[in-house]
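Take a look at the structure below.
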Amino acid sequence: MGTTWCEIELEPIDGQDVLLNGVVDPSRFDDLTALLTRFGATYTLELYDEDDNLPKEKRG
């Protein structure tokens with residue numbers, strides 16, 4: 001699944017949980033959280049930089 005600013009894969013994990021794994025334009029991170037919230041999803045998003053640091057995390 002993807003757009004011009006986000007490319008993610010959906011992977012089933014334990015129970016009803018789904019792992020979203022992929023790449024998102026850092027400037028659009030909040031757009032992705034808004035979209036997931038609009039769909040009623042419960043989520044934890046982590047945004048890693050090119051050095052594998054975690055500069056941003058969001059739970060919804």
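Naming works like this for the structure tokens: A, B, ... for the chains as they're shown, residue 1 at the start of each chain, ligands 1 onward in shown order.
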Contact residues around segment 45-52 of chain A with only C-alpha atoms at 10 Å, ignoring same-chain residues under 6 positions, as a PDB file with N, CA and C atoms, in the first residue's frame:
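Result written to part-v9.pdb:
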```
ATOM      1  N   LEU A  19       1.153  -5.371  11.982  1.00  0.00           N
ATOM      2  CA  LEU A  19       2.359  -4.560  11.962  1.00  0.00           C
ATOM      3  C   LEU A  19       2.395  -3.771  10.663  1.00  0.00           C
ATOM      4  N   LEU A  20       2.544  -2.448  10.774  1.00  0.00           N
ATOM      5  CA  LEU A  20       2.762  -1.592   9.617  1.00  0.00           C
ATOM      6  C   LEU A  20       4.259  -1.344   9.535  1.00  0.00           C
ATOM      7  N   ASN A  21       4.840  -1.685   8.428  1.00  0.00           N
ATOM      8  CA  ASN A  21       6.283  -1.558   8.274  1.00  0.00           C
ATOM      9  C   ASN A  21       6.555  -0.885   6.943  1.00  0.00           C
ATOM     10  N   GLY A  22       7.370   0.180   6.967  1.00  0.00           N
ATOM     11  CA  GLY A  22       7.659   0.842   5.709  1.00  0.00           C
ATOM     12  C   GLY A  22       8.338   2.177   5.880  1.00  0.00           C
ATOM     13  N   VAL A  23       8.112   3.040   4.903  1.00  0.00           N
ATOM     14  CA  VAL A  23       8.789   4.333   4.841  1.00  0.00           C
ATOM     15  C   VAL A  23       7.733   5.423   4.707  1.00  0.00           C
ATOM     16  N   VAL A  24       7.923   6.502   5.471  1.00  0.00           N
ATOM     17  CA  VAL A  24       7.031   7.662   5.380  1.00  0.00           C
ATOM     18  C   VAL A  24       7.883   8.927   5.368  1.00  0.00           C
ATOM     19  N   ASP A  25       7.476   9.878   4.564  1.00  0.00           N
ATOM     20  CA  ASP A  25       8.142  11.178   4.544  1.00  0.00           C
ATOM     21  C   ASP A  25       7.989  11.785   5.940  1.00  0.00           C
ATOM     22  N   PRO A  26       9.087  12.108   6.629  1.00  0.00           N
ATOM     23  CA  PRO A  26       8.992  12.633   7.998  1.00  0.00           C
ATOM     24  C   PRO A  26       8.070  13.839   8.124  1.00  0.00           C
ATOM     25  N   PHE A  29       4.459  12.551   8.731  1.00  0.00           N
ATOM     26  CA  PHE A  29       4.233  11.612   9.832  1.00  0.00           C
ATOM     27  C   PHE A  29       2.886  11.873  10.509  1.00  0.00           C
ATOM     28  N   LEU A  32      -0.097  10.607   8.582  1.00  0.00           N
ATOM     29  CA  LEU A  32      -0.328   9.172   8.727  1.00  0.00           C
ATOM     30  C   LEU A  32      -1.048   8.876  10.035  1.00  0.00           C
ATOM     31  N   THR A  33      -0.650   9.524  11.121  1.00  0.00           N
ATOM     32  CA  THR A  33      -1.342   9.297  12.395  1.00  0.00           C
ATOM     33  C   THR A  33      -2.802   9.752  12.310  1.00  0.00           C
ATOM     34  N   LYS A  58       4.527   8.016  18.251  1.00  0.00           N
ATOM     35  CA  LYS A  58       3.159   8.473  18.485  1.00  0.00           C
ATOM     36  C   LYS A  58       2.290   7.264  18.763  1.00  0.00           C
ATOM     37  N   ARG A  59       1.435   7.375  19.763  1.00  0.00           N
ATOM     38  CA  ARG A  59       0.468   6.328  20.090  1.00  0.00           C
ATOM     39  C   ARG A  59      -0.937   6.888  19.908  1.00  0.00           C
ATOM     40  N   GLY A  60      -1.791   6.051  19.386  1.00  0.00           N
ATOM     41  CA  GLY A  60      -3.157   6.490  19.193  1.00  0.00           C
ATOM     42  C   GLY A  60      -4.149   5.392  19.430  1.00  0.00           C
TER      43      GLY A  60
END
```
Expected answer as a PyMOL selection string: strand (DSSP E or B) residues in chain A: chain A and resi 2+6-12+18-24+44-47+56-59
I need the residues of chain A that end up classed as helix (DSSP H, G or I) by DSSP on the backbone, written out as a ChimeraX atom specification. /A:26-38
Check the smallest atom-to-atom distance from each of A:Ser27, A:Thr3, A:Asn53, A:Gln16 to Ala41 of chain A using only C-alpha atoms, then report the winner. A:Gln16
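The space between atom CA of Val18 of chain A and atom CA of Thr44 of chain A spans 10.9 Å.
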